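Participant: There's a structure below that I have some questions on.
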Amino acid sequence: MKTLFHASDTQLIHAFQEGNANDALEVLINRYKDKIFSSILFLVKDKYLAEDLFQDVFIKIIDTLKNNKYSEEGKFLPWALRISHNLCVDHFRKVKRTPTIQTSDERDIFETINIVEESAENKIMAEQSHSRVRKMLDMLPEDQREVIVLRHFADLSFKEIADITKCSINTALGRMRYGLINLRRLMEEKQIAL
């Protein structure tokens with residue numbers, strides 16, 4: 001496994017496809033799991049949903065690799081992030097088509113049911129560390145928020161972001177610029193409000 005740890009993505013993919021090493025897939029997953037999960041989480045804004053989609057991403061990756069349908073177009077990470085982005089979009093499309101069941105005060109019934117509760121201490125710590133950033137990111141237009149998340153949380157280049165979002169590099173750069181301008185404006189407004 002030590003030799004696999006230093007192998008390139010392409011070498012790991014070939015090792016997995018040839019059936020020589022299941023450890024190759026483990027190294028590949030561990031290499032990129034944080035970036036893929038954080039990009040999903042910032043798009044869907046729900047930890048449990050993000051975990052489900054994260055698993056779906058890797059199931060799709062494994063199926064594609066096993067069936068030798070993966071074509072080496074460049075880097076593995078942008079390809080994996082494109083899959084995760086597409087699964088998030090598919091999820092939101094499905095949710096739009098699903099009717100909501102509302103309570104008498106017109107709230108979604110699934111928002112009122114809490115099956116699994118986090119500990120209060122963990123919940124407070126998580127809210128304090130991420131709450132302000134998420135609120136401000138949520139106020140941005142979707143296209144600007146997506147570029148910021150992919151750039152700052154997944155460490156993608158603008159070329160990779162353009163490929164994933166199916167736009168030109170200049171458009172991705174423009175969305176980033178306007179997103180940062182809007183974030184700065186929101187921060188200034190929030191400072192005045194405090």
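Ordering of the structure tokens sets the chain letters (A, B, ...); residue numbers start at 1 within each chain; ligands are numbered from 1 in the order shown.
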Report as a list in words all protein, DNA and RNA residues lying within 7 Å of segment 57-71 of chain A, evaluated on only C-alpha atoms, omitting residues in the same chain fewer than 3 positions from it.
Facilitator: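 These residues fall inside the cut-off: Gln17, Leu53, Phe54, Ile83 and Ser84 of chain A.
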Participant: Those same residues, written as an mmCIF file, in the first residue's frame with N, CA and C atoms?
Facilitator:
```cif
data_model
loop_
_atom_site.group_PDB
_atom_site.id
_atom_site.type_symbol
_atom_site.label_atom_id
_atom_site.label_comp_id
_atom_site.auth_asym_id
_atom_site.auth_seq_id
_atom_site.Cartn_x
_atom_site.Cartn_y
_atom_site.Cartn_z
ATOM 1 N N GLN A 17 -8.556 -1.110 -12.164
ATOM 2 C CA GLN A 17 -9.219 -1.725 -13.315
ATOM 3 C C GLN A 17 -8.651 -3.092 -13.655
ATOM 4 N N LEU A 53 -25.203 11.617 -0.987
ATOM 5 C CA LEU A 53 -24.751 11.950 -2.342
ATOM 6 C C LEU A 53 -23.281 11.597 -2.531
ATOM 7 N N PHE A 54 -22.483 11.777 -1.487
ATOM 8 C CA PHE A 54 -21.059 11.422 -1.539
ATOM 9 C C PHE A 54 -20.911 9.925 -1.838
ATOM 10 N N ILE A 83 -19.142 14.693 -11.602
ATOM 11 C CA ILE A 83 -20.149 13.690 -11.234
ATOM 12 C C ILE A 83 -20.930 14.160 -10.006
ATOM 13 N N SER A 84 -20.219 14.659 -8.985
ATOM 14 C CA SER A 84 -20.901 15.099 -7.769
ATOM 15 C C SER A 84 -21.821 16.284 -8.062
#
```
Participant: Residues near His85 of chain A, anyone? I mean within 10 Å using only C-alpha atoms, not counting same-chain ones fewer than 2 positions away, as a ChimeraX atom specification.
Facilitator: /A:36,39-40,43,53,57,79-83,87-91,146,150,164-165
Participant: Please identify all polymer residues within 7 Å of segment 169-185 of chain A, counting only C-alpha atoms, omitting same-chain residues fewer than 3 positions from it, and present them as a PyMOL selection string.
Facilitator: chain A and resi 136+140+143-145+147-148+158-159+161-162+188-189
Participant: Could you pull the residues within 12 Å of Gln11 of chain A, counting only C-alpha atoms, minus those fewer than 3 positions along the same chain, as a CSV table (one decimal) with N, CA and C atoms, in the first residue's frame?
Facilitator:
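Result file result-v3.csv:
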```csv
chain,number,residue,atom,x,y,z
A,3,THR,N,3.5,1.8,-1.7
A,3,THR,CA,3.9,2.2,-3.1
A,3,THR,C,2.7,2.8,-3.8
A,4,LEU,N,1.5,2.4,-3.4
A,4,LEU,CA,0.2,3.0,-4.0
A,4,LEU,C,0.0,4.4,-3.5
A,5,PHE,N,0.4,4.7,-2.3
A,5,PHE,CA,0.2,6.0,-1.8
A,5,PHE,C,0.9,7.1,-2.6
A,6,HIS,N,2.0,6.8,-3.2
A,6,HIS,CA,2.8,7.7,-4.0
A,6,HIS,C,2.4,7.6,-5.5
A,7,ALA,N,1.6,6.7,-5.9
A,7,ALA,CA,1.2,6.5,-7.3
A,7,ALA,C,0.3,7.7,-7.8
A,8,SER,N,0.4,7.9,-9.1
A,8,SER,CA,-0.5,9.0,-9.7
A,8,SER,C,-1.9,8.5,-9.8
A,14,HIS,N,-5.6,2.5,-13.2
A,14,HIS,CA,-5.2,1.3,-13.9
A,14,HIS,C,-5.1,0.1,-13.0
A,15,ALA,N,-4.5,0.3,-11.8
A,15,ALA,CA,-4.3,-0.8,-10.9
A,15,ALA,C,-5.7,-1.4,-10.4
A,16,PHE,N,-6.6,-0.5,-10.2
A,16,PHE,CA,-8.0,-0.9,-9.8
A,16,PHE,C,-8.7,-1.6,-11.0
A,17,GLN,N,-8.6,-1.1,-12.2
A,17,GLN,CA,-9.2,-1.7,-13.3
A,17,GLN,C,-8.7,-3.1,-13.7
A,18,GLU,N,-7.4,-3.3,-13.4
A,18,GLU,CA,-6.8,-4.6,-13.7
A,18,GLU,C,-7.0,-5.6,-12.6
A,20,ASN,N,-5.7,-5.8,-9.7
A,20,ASN,CA,-4.5,-6.1,-8.9
A,20,ASN,C,-4.6,-5.5,-7.5
A,21,ALA,N,-5.3,-4.4,-7.3
A,21,ALA,CA,-5.3,-3.8,-6.0
A,21,ALA,C,-6.6,-3.1,-5.7
A,24,ALA,N,-5.9,0.3,-4.2
A,24,ALA,CA,-5.7,1.5,-5.1
A,24,ALA,C,-6.9,2.4,-5.0
A,25,LEU,N,-8.1,1.8,-5.0
A,25,LEU,CA,-9.3,2.6,-4.9
A,25,LEU,C,-9.4,3.3,-3.5
A,27,VAL,N,-6.9,4.4,-1.7
A,27,VAL,CA,-5.9,5.5,-1.8
A,27,VAL,C,-6.6,6.7,-2.5
A,28,LEU,N,-7.2,6.3,-3.7
A,28,LEU,CA,-7.8,7.4,-4.5
A,28,LEU,C,-8.9,8.1,-3.8
A,72,GLU,N,-9.4,8.9,-19.9
A,72,GLU,CA,-8.4,9.8,-19.3
A,72,GLU,C,-8.5,11.1,-20.0
A,75,LYS,N,-7.5,15.2,-15.3
A,75,LYS,CA,-7.3,14.8,-13.9
A,75,LYS,C,-8.6,14.1,-13.4
A,76,PHE,N,-8.4,13.3,-12.5
A,76,PHE,CA,-9.4,12.5,-11.9
A,76,PHE,C,-10.4,13.4,-11.1
```
